[in-house]
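> Below is structure.txt; it holds compact mmCIF, C-alpha atoms (C1' of nucleotides).
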# COMPACT_ATOMS: atom_id res chain seq x y z
CA MET A 1 24.04 43.32 3.96
CA ILE A 2 26.88 43.77 6.41
CA SER A 3 28.27 47.28 6.29
CA ILE A 4 31.87 48.04 7.10
CA SER A 5 33.88 51.09 8.05
CA PRO A 6 35.79 53.13 5.47
CA GLN A 7 38.95 51.97 7.23
CA LEU A 8 38.32 48.27 6.70
CA GLU A 9 37.11 48.87 3.18
CA PHE A 10 40.37 50.65 2.52
CA PHE A 11 42.35 47.58 3.56
CA LEU A 12 40.23 45.29 1.44
CA ASN A 13 40.77 47.54 -1.55
CA ILE A 14 44.52 47.54 -1.00
CA ALA A 15 44.55 43.75 -0.91
CA LYS A 16 42.80 43.48 -4.22
CA ALA A 17 44.79 46.25 -5.90
CA GLN A 18 48.08 44.76 -4.79
CA ALA A 19 47.16 41.31 -6.10
CA LEU A 20 46.51 42.81 -9.53
CA ILE A 21 49.54 45.09 -9.45
CA ALA A 22 51.95 42.31 -8.51
CA ARG A 23 50.62 40.04 -11.24
CA ARG A 24 50.86 42.71 -13.89
CA PHE A 25 54.34 43.83 -12.93
CA ASP A 26 55.50 40.22 -12.74
CA VAL A 27 54.29 39.56 -16.28
CA LYS A 28 55.95 42.66 -17.68
CA LEU A 29 59.20 42.36 -15.77
CA SER A 30 59.60 38.71 -16.70
CA LEU A 31 61.20 40.02 -19.90
CA TRP A 32 64.23 40.76 -17.73
CA GLY A 33 63.90 37.59 -15.73
CA ILE A 34 62.84 39.39 -12.57
CA GLY A 35 59.64 39.81 -10.59
CA MET A 36 58.18 42.85 -8.89
CA ASN A 37 59.94 42.10 -5.63
CA ASP A 38 63.31 41.71 -7.31
CA PHE A 39 62.69 45.01 -9.01
CA ILE A 40 61.86 46.71 -5.73
CA ILE A 41 65.02 45.35 -4.18
CA LEU A 42 67.22 46.56 -7.03
CA PHE A 43 65.56 49.93 -6.84
CA GLN A 44 65.98 50.33 -3.10
CA LEU A 45 69.60 49.25 -3.32
CA SER A 46 70.21 51.86 -6.00
CA ARG A 47 68.98 54.54 -3.62
CA ALA A 48 70.99 53.41 -0.62
CA SER A 49 74.27 55.11 0.14
CA GLY A 50 77.07 53.22 -1.60
CA GLU A 51 74.33 51.20 -3.29
CA LYS A 52 74.46 48.71 -0.46
CA MET A 53 72.42 47.88 2.63
CA ARG A 54 72.27 45.53 5.57
CA ARG A 55 69.83 42.75 4.82
CA ILE A 56 67.74 43.56 7.84
CA ASP A 57 67.37 47.17 6.75
CA LEU A 58 66.37 46.06 3.30
CA ALA A 59 63.69 43.83 4.81
CA GLU A 60 62.35 46.73 6.82
CA LYS A 61 62.41 49.00 3.78
CA ILE A 62 60.31 46.71 1.62
CA GLY A 63 58.05 45.33 4.36
CA PHE A 64 59.39 41.78 4.29
CA THR A 65 60.69 39.51 6.97
CA ALA A 66 64.41 38.80 7.29
CA SER A 67 63.92 35.27 6.07
CA GLY A 68 61.93 36.45 3.08
CA VAL A 69 64.84 38.67 2.11
CA THR A 70 67.32 35.83 2.44
CA ARG A 71 65.23 33.69 0.11
CA LEU A 72 64.66 36.45 -2.42
CA LEU A 73 68.32 37.40 -2.56
CA ALA A 74 69.68 33.89 -3.00
CA PRO A 75 68.80 33.52 -6.69
CA MET A 76 69.57 37.20 -7.38
CA GLU A 77 73.04 36.64 -5.99
CA LYS A 78 73.44 33.50 -8.05
CA ILE A 79 72.74 35.27 -11.32
CA GLY A 80 74.88 38.23 -10.33
CA LEU A 81 72.33 40.99 -9.84
CA VAL A 82 73.59 41.65 -6.34
CA LYS A 83 76.70 40.74 -4.43
CA ARG A 84 77.49 40.03 -0.83
CA GLU A 85 79.87 42.09 1.30
CA THR A 86 81.01 41.83 4.87
CA VAL A 87 81.45 44.50 7.51
CA ALA A 88 84.80 44.92 9.25
CA HIS A 89 83.70 45.30 12.85
CA ASP A 90 80.59 43.14 12.98
CA ALA A 91 80.76 39.63 11.64
CA ARG A 92 77.03 39.08 12.09
CA VAL A 93 76.24 41.52 9.33
CA SER A 94 76.40 40.88 5.64
CA LEU A 95 75.60 43.64 3.23
CA VAL A 96 73.80 43.33 -0.08
CA ALA A 97 75.28 45.49 -2.80
CA LEU A 98 73.95 46.31 -6.23
CA ALA A 99 76.11 44.58 -8.86
CA PRO A 100 76.77 46.14 -12.30
CA SER A 101 74.49 43.64 -13.97
CA GLY A 102 71.74 44.43 -11.48
CA LYS A 103 72.14 48.11 -12.15
CA ARG A 104 71.86 47.58 -15.88
CA ILE A 105 68.71 45.51 -15.53
CA LEU A 106 67.23 48.00 -13.11
CA THR A 107 67.68 50.80 -15.60
CA GLU A 108 65.88 48.91 -18.34
CA ALA A 109 63.14 47.50 -16.14
CA LEU A 110 62.54 50.89 -14.58
CA GLU A 111 61.47 52.35 -17.91
CA ASN A 112 58.91 49.61 -18.25
CA ALA A 113 57.71 49.96 -14.67
CA GLU A 114 57.27 53.68 -15.21
CA TYR A 115 55.27 53.01 -18.31
CA ILE A 116 52.93 50.56 -16.57
CA SER A 117 52.45 52.93 -13.66
CA ARG A 118 51.61 55.97 -15.73
CA GLU A 119 49.30 54.03 -17.97
CA TRP A 120 47.47 52.56 -15.01
CA LEU A 121 46.97 55.85 -13.21
CA VAL A 122 46.39 57.98 -16.27
CA ASN A 123 42.93 59.00 -15.09
CA GLN A 124 44.05 60.05 -11.63
CA LYS A 125 45.19 63.51 -10.61
CA VAL A 126 48.87 63.66 -9.73
CA ALA A 127 48.13 65.77 -6.67
CA ASN A 128 45.82 63.02 -5.41
CA ILE A 129 48.36 60.33 -6.11
CA LYS A 130 51.00 62.19 -4.15
CA GLU A 131 48.75 62.84 -1.21
CA LEU A 132 47.56 59.29 -1.01
CA SER A 133 51.04 57.98 -1.52
CA SER A 134 52.20 59.75 1.58
CA MET A 135 49.26 58.31 3.46
CA LEU A 136 50.23 54.82 2.32
CA ALA A 137 53.76 55.49 3.44
CA ALA A 138 52.36 56.36 6.85
CA VAL A 139 50.45 53.06 6.89
CA GLY A 140 53.71 51.32 6.03
CA THR A 141 55.57 52.80 8.97
CA TYR A 142 52.88 52.67 11.64
CA THR A 143 54.10 50.85 14.71
CA PHE A 144 51.73 49.07 17.04
CA MET B 1 69.94 58.90 -6.94
CA ILE B 2 67.37 57.58 -9.36
CA SER B 3 64.13 59.52 -9.17
CA ILE B 4 60.78 57.99 -9.97
CA SER B 5 57.36 59.24 -10.87
CA PRO B 6 54.64 59.71 -8.24
CA GLN B 7 52.75 56.93 -10.03
CA LEU B 8 55.46 54.32 -9.58
CA GLU B 9 56.13 55.45 -6.05
CA PHE B 10 52.44 54.95 -5.34
CA PHE B 11 52.65 51.33 -6.45
CA LEU B 12 55.77 50.67 -4.42
CA ASN B 13 54.04 52.09 -1.36
CA ILE B 14 51.05 49.85 -1.94
CA ALA B 15 53.30 46.80 -2.15
CA LYS B 16 54.92 47.55 1.17
CA ALA B 17 51.68 48.48 2.90
CA GLN B 18 49.96 45.31 1.75
CA ALA B 19 52.82 43.10 2.96
CA LEU B 20 52.45 44.56 6.44
CA ILE B 21 48.66 44.54 6.39
CA ALA B 22 48.38 40.90 5.35
CA ARG B 23 50.84 39.81 8.03
CA ARG B 24 49.06 41.73 10.74
CA PHE B 25 45.60 40.54 9.78
CA ASP B 26 46.85 36.97 9.49
CA VAL B 27 48.24 37.08 13.02
CA LYS B 28 45.04 38.50 14.49
CA LEU B 29 42.63 36.36 12.54
CA SER B 30 44.50 33.18 13.37
CA LEU B 31 42.46 33.15 16.59
CA TRP B 32 39.59 31.98 14.41
CA GLY B 33 41.77 29.71 12.32
CA ILE B 34 41.49 31.85 9.23
CA GLY B 35 43.77 34.19 7.29
CA MET B 36 43.10 37.54 5.69
CA ASN B 37 42.12 35.98 2.38
CA ASP B 38 39.68 33.58 4.01
CA PHE B 39 38.19 36.53 5.81
CA ILE B 40 37.82 38.47 2.59
CA ILE B 41 36.11 35.51 0.96
CA LEU B 42 33.65 35.07 3.80
CA PHE B 43 32.93 38.77 3.73
CA GLN B 44 32.33 38.92 -0.01
CA LEU B 45 30.10 35.87 0.16
CA SER B 46 28.04 37.49 2.88
CA ARG B 47 27.41 40.44 0.58
CA ALA B 48 26.49 38.40 -2.46
CA SER B 49 22.85 37.82 -3.24
CA GLY B 50 21.75 34.60 -1.56
CA GLU B 51 25.17 34.58 0.13
CA LYS B 52 26.56 32.58 -2.78
CA MET B 53 28.65 33.22 -5.87
CA ARG B 54 30.17 31.51 -8.84
CA ARG B 55 33.81 30.73 -8.15
CA ILE B 56 34.98 32.75 -11.13
CA ASP B 57 33.09 35.81 -9.95
CA LEU B 58 34.57 35.46 -6.51
CA ALA B 59 38.05 35.34 -8.05
CA GLU B 60 37.35 38.51 -9.98
CA LYS B 61 35.95 40.20 -6.90
CA ILE B 62 39.01 39.62 -4.76
CA GLY B 63 41.63 39.97 -7.50
CA PHE B 64 42.70 36.34 -7.52
CA THR B 65 43.03 33.79 -10.26
CA ALA B 66 40.54 30.95 -10.63
CA SER B 67 43.10 28.44 -9.47
CA GLY B 68 43.93 30.53 -6.44
CA VAL B 69 40.28 30.47 -5.47
CA THR B 70 40.06 26.71 -5.90
CA ARG B 71 42.99 26.25 -3.55
CA LEU B 72 41.74 28.72 -0.98
CA LEU B 73 38.27 27.24 -0.88
CA ALA B 74 39.31 23.60 -0.54
CA PRO B 75 40.27 23.77 3.16
CA MET B 76 37.43 26.19 3.92
CA GLU B 77 35.01 23.69 2.48
CA LYS B 78 36.59 20.87 4.46
CA ILE B 79 36.10 22.64 7.78
CA GLY B 80 32.60 23.72 6.83
CA LEU B 81 32.95 27.47 6.44
CA VAL B 82 31.54 27.33 2.94
CA LYS B 83 29.61 24.76 1.00
CA ARG B 84 29.38 23.83 -2.63
CA GLU B 85 26.24 24.08 -4.70
CA THR B 86 25.47 23.28 -8.29
CA VAL B 87 23.48 25.18 -10.88
CA ALA B 88 20.56 23.48 -12.57
CA HIS B 89 21.05 24.52 -16.17
CA ASP B 90 24.85 24.75 -16.35
CA ALA B 91 26.89 21.82 -15.11
CA ARG B 92 30.16 23.67 -15.57
CA VAL B 93 29.38 26.02 -12.74
CA SER B 94 29.71 25.32 -9.06
CA LEU B 95 28.70 27.95 -6.57
CA VAL B 96 30.33 28.71 -3.25
CA ALA B 97 27.87 29.45 -0.51
CA LEU B 98 28.43 30.82 2.95
CA ALA B 99 27.76 28.09 5.51
CA PRO B 100 26.31 28.82 8.98
CA SER B 101 29.66 28.17 10.61
CA GLY B 102 31.35 30.52 8.17
CA LYS B 103 28.82 33.20 8.92
CA ARG B 104 29.38 32.84 12.64
CA ILE B 105 33.14 33.12 12.26
CA LEU B 106 32.79 36.05 9.92
CA THR B 107 30.75 37.94 12.48
CA GLU B 108 33.33 37.45 15.18
CA ALA B 109 36.36 38.05 12.98
CA LEU B 110 34.77 41.15 11.53
CA GLU B 111 34.78 42.87 14.88
CA ASN B 112 38.46 42.22 15.19
CA ALA B 113 39.19 43.31 11.63
CA GLU B 114 37.32 46.53 12.27
CA TYR B 115 39.34 47.11 15.40
CA ILE B 116 42.66 46.60 13.62
CA SER B 117 41.61 48.87 10.77
CA ARG B 118 40.48 51.74 12.93
CA GLU B 119 43.52 51.50 15.16
CA TRP B 120 45.85 51.50 12.19
CA LEU B 121 44.27 54.49 10.52
CA VAL B 122 43.48 56.45 13.63
CA ASN B 123 45.68 59.36 12.52
CA GLN B 124 44.21 59.61 9.03
CA LYS B 125 41.31 61.75 7.98
CA VAL B 126 38.27 59.72 7.00
CA ALA B 127 37.80 61.88 3.91
CA ASN B 128 41.31 60.95 2.76
CA ILE B 129 40.71 57.31 3.47
CA LYS B 130 37.58 57.36 1.38
CA GLU B 131 39.30 59.15 -1.45
CA LEU B 132 42.21 56.74 -1.51
CA SER B 133 39.82 53.85 -1.27
CA SER B 134 37.97 54.92 -4.37
CA MET B 135 41.25 55.40 -6.23
CA LEU B 136 42.28 51.90 -5.23
CA ALA B 137 38.95 50.58 -6.38
CA ALA B 138 39.59 52.24 -9.74
CA VAL B 139 43.03 50.61 -9.89
CA GLY B 140 41.33 47.31 -9.16
CA THR B 141 38.94 47.61 -12.07
CA TYR B 142 41.18 49.18 -14.69
CA THR B 143 41.31 47.10 -17.84
CA PHE B 144 44.29 47.18 -20.14
C1' DG C 1 85.26 37.66 32.84
C1' DA C 2 81.22 34.69 32.94
C1' DT C 3 76.64 34.48 31.87
C1' DA C 4 72.50 36.25 29.98
C1' DT C 5 70.37 38.77 26.42
C1' DA C 6 70.06 40.77 21.98
C1' DT C 7 71.06 41.04 17.06
C1' DA C 8 71.84 39.44 12.14
C1' DC C 9 71.08 36.07 9.39
C1' DT C 10 69.88 31.25 7.63
C1' DT C 11 67.34 26.95 7.38
C1' DG C 12 63.43 23.47 7.67
C1' DA C 13 58.70 22.79 7.43
C1' DC C 14 54.76 24.50 5.76
C1' DA C 15 51.18 27.55 3.47
C1' DT C 16 49.74 30.13 -0.42
C1' DA C 17 49.73 31.96 -5.38
C1' DT C 18 50.55 31.61 -10.07
C1' DA C 19 50.81 29.86 -14.93
C1' DA C 20 50.02 26.32 -17.97
C1' DA C 21 47.84 22.33 -19.13
C1' DC C 22 43.84 19.72 -18.64
C1' DT C 23 38.68 18.08 -18.22
C1' DA C 24 34.06 18.87 -18.96
C1' DA C 25 30.20 21.43 -20.43
C1' DT C 26 28.06 25.07 -23.18
C1' DT C 27 27.48 28.07 -27.10
C1' DA C 28 28.15 29.69 -31.90
C1' DC C 29 27.61 28.91 -36.47
C1' DA C 30 28.39 26.53 -41.00
C1' DT D 1 23.83 18.29 -36.91
C1' DG D 2 28.60 18.56 -36.18
C1' DT D 3 32.63 20.94 -35.29
C1' DA D 4 35.08 24.91 -33.49
C1' DA D 5 35.43 28.22 -29.92
C1' DT D 6 34.42 29.62 -25.33
C1' DT D 7 33.70 29.11 -20.49
C1' DA D 8 34.12 27.13 -15.61
C1' DG D 9 36.75 24.86 -12.87
C1' DT D 10 40.67 21.71 -11.34
C1' DT D 11 45.33 19.84 -11.22
C1' DT D 12 50.45 19.82 -11.84
C1' DA D 13 54.65 21.93 -11.28
C1' DT D 14 56.89 25.62 -9.39
C1' DA D 15 57.88 29.95 -7.00
C1' DT D 16 57.39 32.82 -3.07
C1' DG D 17 56.79 34.01 1.61
C1' DT D 18 56.00 32.99 6.58
C1' DC D 19 57.02 31.18 11.23
C1' DA D 20 59.80 28.87 14.35
C1' DA D 21 64.04 27.19 15.42
C1' DG D 22 68.96 27.28 14.88
C1' DT D 23 73.84 29.36 14.30
C1' DA D 24 77.07 32.79 15.12
C1' DT D 25 78.44 37.07 16.88
C1' DA D 26 78.09 41.15 19.82
C1' DT D 27 76.65 43.65 23.94
C1' DA D 28 75.14 44.26 28.76
C1' DT D 29 75.26 43.22 33.51
C1' DC D 30 76.60 41.28 37.66
Could you show the structure in this file as structure tokens?


Amino acid sequence: MISISPQLEFFLNIAKAQALIARRFDVKLSLWGIGMNDFIILFQLSRASGEKMRRIDLAEKIGFTASGVTRLLAPMEKIGLVKRETVAHDARVSLVALAPSGKRILTEALENAEYISREWLVNQKVANIKELSSMLAAVGTYTF
Amino acid sequence: MISISPQLEFFLNIAKAQALIARRFDVKLSLWGIGMNDFIILFQLSRASGEKMRRIDLAEKIGFTASGVTRLLAPMEKIGLVKRETVAHDARVSLVALAPSGKRILTEALENAEYISREWLVNQKVANIKELSSMLAAVGTYTF
DNA sequence: GATATATACTTGACATATAAACTAATTACA
DNA sequence: TGTAATTAGTTTATATGTCAAGTATATATC
């Protein structure tokens, strides 16, 4: 039996957990016609100043590539969850802004997402969750 | 600013971390012509008794659906990393077995995967890693 | 101020996952 | 037995995400 380091095991566990998490959130959030990634985008936009961001910053924030963001936003823009804005002094940039309809859906979906999360982690100590969350955040910002 | 529970934040952090992890592993493992999921499959097969598993058990093990496993295995079978076996008393089942070539690639890729993992988590305490790992494992086995 | 480089974003080609529907085989049980 | 339910796996249709290349704009340097 091959044995592996705690570090590699950690990454394998993340992979599996995320596969299950994404599926479960997708199923639940489909009631609002959105997936987990759409939800994350709406949420991050709601936290940004002016509820808008540059697309490249959004990509960085959620761990996607620029092209992934373009593709994700296209249908969201079409159904009016987000809207596109330009920047006066730099024509390369286009901002994504949270639209009223997106904000409404976010509010409703958030309740459900909170419910799923709490239910799932009901057996875990909050102190542990917080500590490990900050460690995950560190993983998500590590630069090679 | 909308505030969220530590539980939901934890899941959002996992989503981001996994996006980055999968991309990085994919880039590195492409030297052996495999992706992170192929690697995980080879690894899990190597740990299974007789180095073989039922496809449905493999799916469960890695957090995929049955159809996802079918699609992942098809090219791996074609290039000889795994081979297909049948079960005497149950014709519905087909086993996936680690092939010699798959075992060889696993050995080499494993070194690299270990290197990436250790490098990435070099600033984290091993005790924390282990703790988070077991929490993730619990997330991965929680039944609703 | 011309040219090279960098940045922001999009598009085309491709890979990968899923859900739902399907086939085939096994098991339960009336 | 024979029929319904369950289980294992595959296929179809579709969505999602990447990489590499392309467009347009901005900045740096000589």

> Would you give me, as CSV, each residue of chain A having an atom within 8 Å of an atom of chain C, along with its shortest atom pair and that distance in Å to one decimal, using only C-alpha atoms (C1' of nucleotides) and sorting by chain and residue number?


residue,atom,partner,partner_atom,distance
A:Ile56,CA,C:DA8,C1',7.2
A:Ala66,CA,C:DC9,C1',7.5
A:Ser67,CA,C:DT10,C1',7.4
A:Thr70,CA,C:DT10,C1',7.4
A:Arg92,CA,C:DA8,C1',5.2
A:Val93,CA,C:DA8,C1',5.6

> Using all atoms listed in the file, which protein or nucleic acid residues come within 8 Å of segment 7-14 of chain A? Drop anything in the same chain fewer than 4 positions from it, and give the result as a list in words.

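Selected residues are Gln18 of chain A; Ile14, Gln18, Ile21, Ile40, Ala113, Glu114, Ser117, Arg118, Leu121, Val126, Ile129, Lys130, Leu132, Ser133, Leu136, Ala137 and Gly140 of chain B.
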
> To one decimal place, how far is atom CA of Asn112 of chain B from atom CA of Asp38 of chain B in Å?

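These two atoms are separated by 14.2 Å.
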
> Starting from chain B, keep only residues with some atom at most 12 Å from an atom of chain D, counting only C-alpha atoms (C1' of nucleotides), and report them as a ChimeraX atom specification.

/B:19,22-24,26-27,54-57,59,65-71,74,86-87,90-95

> Report, in Å to a single decimal, how far apart atom CA of Glu51 of chain B and atom CA of Lys16 of chain A are.

20.2 Å

> Just checking: using only C-alpha atoms, which residue out of B:Ala138, B:Leu98, B:Met53, B:Ile105 ends up closest to chain A?

B:Ala138

> Can I get segment 2-28 of chain B with N, CA and C atoms filled in, as a PDB file, keeping the file's coordinate frame?


ATOM      1  N   ILE B   2      68.426  57.713  -8.370  1.00  0.00           N
ATOM      2  CA  ILE B   2      67.370  57.580  -9.360  1.00  0.00           C
ATOM      3  C   ILE B   2      66.087  58.186  -8.818  1.00  0.00           C
ATOM      4  N   SER B   3      65.412  58.992  -9.630  1.00  0.00           N
ATOM      5  CA  SER B   3      64.130  59.520  -9.170  1.00  0.00           C
ATOM      6  C   SER B   3      63.007  58.870  -9.965  1.00  0.00           C
ATOM      7  N   ILE B   4      61.894  58.660  -9.312  1.00  0.00           N
ATOM      8  CA  ILE B   4      60.780  57.990  -9.970  1.00  0.00           C
ATOM      9  C   ILE B   4      59.533  58.839  -9.925  1.00  0.00           C
ATOM     10  N   SER B   5      58.602  58.488 -10.768  1.00  0.00           N
ATOM     11  CA  SER B   5      57.360  59.240 -10.870  1.00  0.00           C
ATOM     12  C   SER B   5      56.489  58.988  -9.634  1.00  0.00           C
ATOM     13  N   PRO B   6      55.583  59.913  -9.343  1.00  0.00           N
ATOM     14  CA  PRO B   6      54.640  59.710  -8.240  1.00  0.00           C
ATOM     15  C   PRO B   6      53.817  58.434  -8.458  1.00  0.00           C
ATOM     16  N   GLN B   7      53.547  58.119  -9.723  1.00  0.00           N
ATOM     17  CA  GLN B   7      52.750  56.930 -10.030  1.00  0.00           C
ATOM     18  C   GLN B   7      53.452  55.647  -9.582  1.00  0.00           C
ATOM     19  N   LEU B   8      54.736  55.528  -9.965  1.00  0.00           N
ATOM     20  CA  LEU B   8      55.460  54.320  -9.580  1.00  0.00           C
ATOM     21  C   LEU B   8      55.662  54.266  -8.074  1.00  0.00           C
ATOM     22  N   GLU B   9      55.943  55.411  -7.490  1.00  0.00           N
ATOM     23  CA  GLU B   9      56.130  55.450  -6.050  1.00  0.00           C
ATOM     24  C   GLU B   9      54.860  54.970  -5.333  1.00  0.00           C
ATOM     25  N   PHE B  10      53.740  55.369  -5.867  1.00  0.00           N
ATOM     26  CA  PHE B  10      52.440  54.950  -5.340  1.00  0.00           C
ATOM     27  C   PHE B  10      52.345  53.424  -5.307  1.00  0.00           C
ATOM     28  N   PHE B  11      52.727  52.790  -6.393  1.00  0.00           N
ATOM     29  CA  PHE B  11      52.650  51.330  -6.450  1.00  0.00           C
ATOM     30  C   PHE B  11      53.633  50.659  -5.487  1.00  0.00           C
ATOM     31  N   LEU B  12      54.802  51.239  -5.362  1.00  0.00           N
ATOM     32  CA  LEU B  12      55.770  50.670  -4.420  1.00  0.00           C
ATOM     33  C   LEU B  12      55.254  50.801  -2.992  1.00  0.00           C
ATOM     34  N   ASN B  13      54.609  51.912  -2.700  1.00  0.00           N
ATOM     35  CA  ASN B  13      54.040  52.090  -1.360  1.00  0.00           C
ATOM     36  C   ASN B  13      52.908  51.106  -1.090  1.00  0.00           C
ATOM     37  N   ILE B  14      52.111  50.834  -2.105  1.00  0.00           N
ATOM     38  CA  ILE B  14      51.050  49.850  -1.940  1.00  0.00           C
ATOM     39  C   ILE B  14      51.642  48.483  -1.613  1.00  0.00           C
ATOM     40  N   ALA B  15      52.687  48.122  -2.350  1.00  0.00           N
ATOM     41  CA  ALA B  15      53.300  46.800  -2.150  1.00  0.00           C
ATOM     42  C   ALA B  15      53.761  46.639  -0.703  1.00  0.00           C
ATOM     43  N   LYS B  16      54.430  47.648  -0.203  1.00  0.00           N
ATOM     44  CA  LYS B  16      54.920  47.550   1.170  1.00  0.00           C
ATOM     45  C   LYS B  16      53.759  47.511   2.168  1.00  0.00           C
ATOM     46  N   ALA B  17      52.813  48.410   1.982  1.00  0.00           N
ATOM     47  CA  ALA B  17      51.680  48.480   2.900  1.00  0.00           C
ATOM     48  C   ALA B  17      50.956  47.138   2.946  1.00  0.00           C
ATOM     49  N   GLN B  18      50.716  46.559   1.792  1.00  0.00           N
ATOM     50  CA  GLN B  18      49.960  45.310   1.750  1.00  0.00           C
ATOM     51  C   GLN B  18      50.712  44.165   2.439  1.00  0.00           C
ATOM     52  N   ALA B  19      52.041  44.141   2.291  1.00  0.00           N
ATOM     53  CA  ALA B  19      52.820  43.100   2.960  1.00  0.00           C
ATOM     54  C   ALA B  19      52.600  43.177   4.469  1.00  0.00           C
ATOM     55  N   LEU B  20      52.632  44.387   5.004  1.00  0.00           N
ATOM     56  CA  LEU B  20      52.450  44.560   6.440  1.00  0.00           C
ATOM     57  C   LEU B  20      51.013  44.264   6.866  1.00  0.00           C
ATOM     58  N   ILE B  21      50.067  44.736   6.060  1.00  0.00           N
ATOM     59  CA  ILE B  21      48.660  44.540   6.390  1.00  0.00           C
ATOM     60  C   ILE B  21      48.318  43.056   6.443  1.00  0.00           C
ATOM     61  N   ALA B  22      48.715  42.330   5.415  1.00  0.00           N
ATOM     62  CA  ALA B  22      48.380  40.900   5.350  1.00  0.00           C
ATOM     63  C   ALA B  22      48.973  40.168   6.550  1.00  0.00           C
ATOM     64  N   ARG B  23      50.217  40.486   6.886  1.00  0.00           N
ATOM     65  CA  ARG B  23      50.840  39.810   8.030  1.00  0.00           C
ATOM     66  C   ARG B  23      50.077  40.095   9.306  1.00  0.00           C
ATOM     67  N   ARG B  24      49.750  41.349   9.499  1.00  0.00           N
ATOM     68  CA  ARG B  24      49.060  41.730  10.740  1.00  0.00           C
ATOM     69  C   ARG B  24      47.668  41.096  10.840  1.00  0.00           C
ATOM     70  N   PHE B  25      46.931  41.160   9.783  1.00  0.00           N
ATOM     71  CA  PHE B  25      45.600  40.540   9.780  1.00  0.00           C
ATOM     72  C   PHE B  25      45.709  39.033  10.002  1.00  0.00           C
ATOM     73  N   ASP B  26      46.679  38.417   9.336  1.00  0.00           N
ATOM     74  CA  ASP B  26      46.850  36.970   9.490  1.00  0.00           C
ATOM     75  C   ASP B  26      47.083  36.593  10.952  1.00  0.00           C
ATOM     76  N   VAL B  27      47.943  37.363  11.613  1.00  0.00           N
ATOM     77  CA  VAL B  27      48.240  37.080  13.020  1.00  0.00           C
ATOM     78  C   VAL B  27      46.967  37.173  13.857  1.00  0.00           C
ATOM     79  N   LYS B  28      46.232  38.274  13.678  1.00  0.00           N
ATOM     80  CA  LYS B  28      45.040  38.500  14.490  1.00  0.00           C
ATOM     81  C   LYS B  28      43.930  37.505  14.203  1.00  0.00           C
TER      82      LYS B  28
END
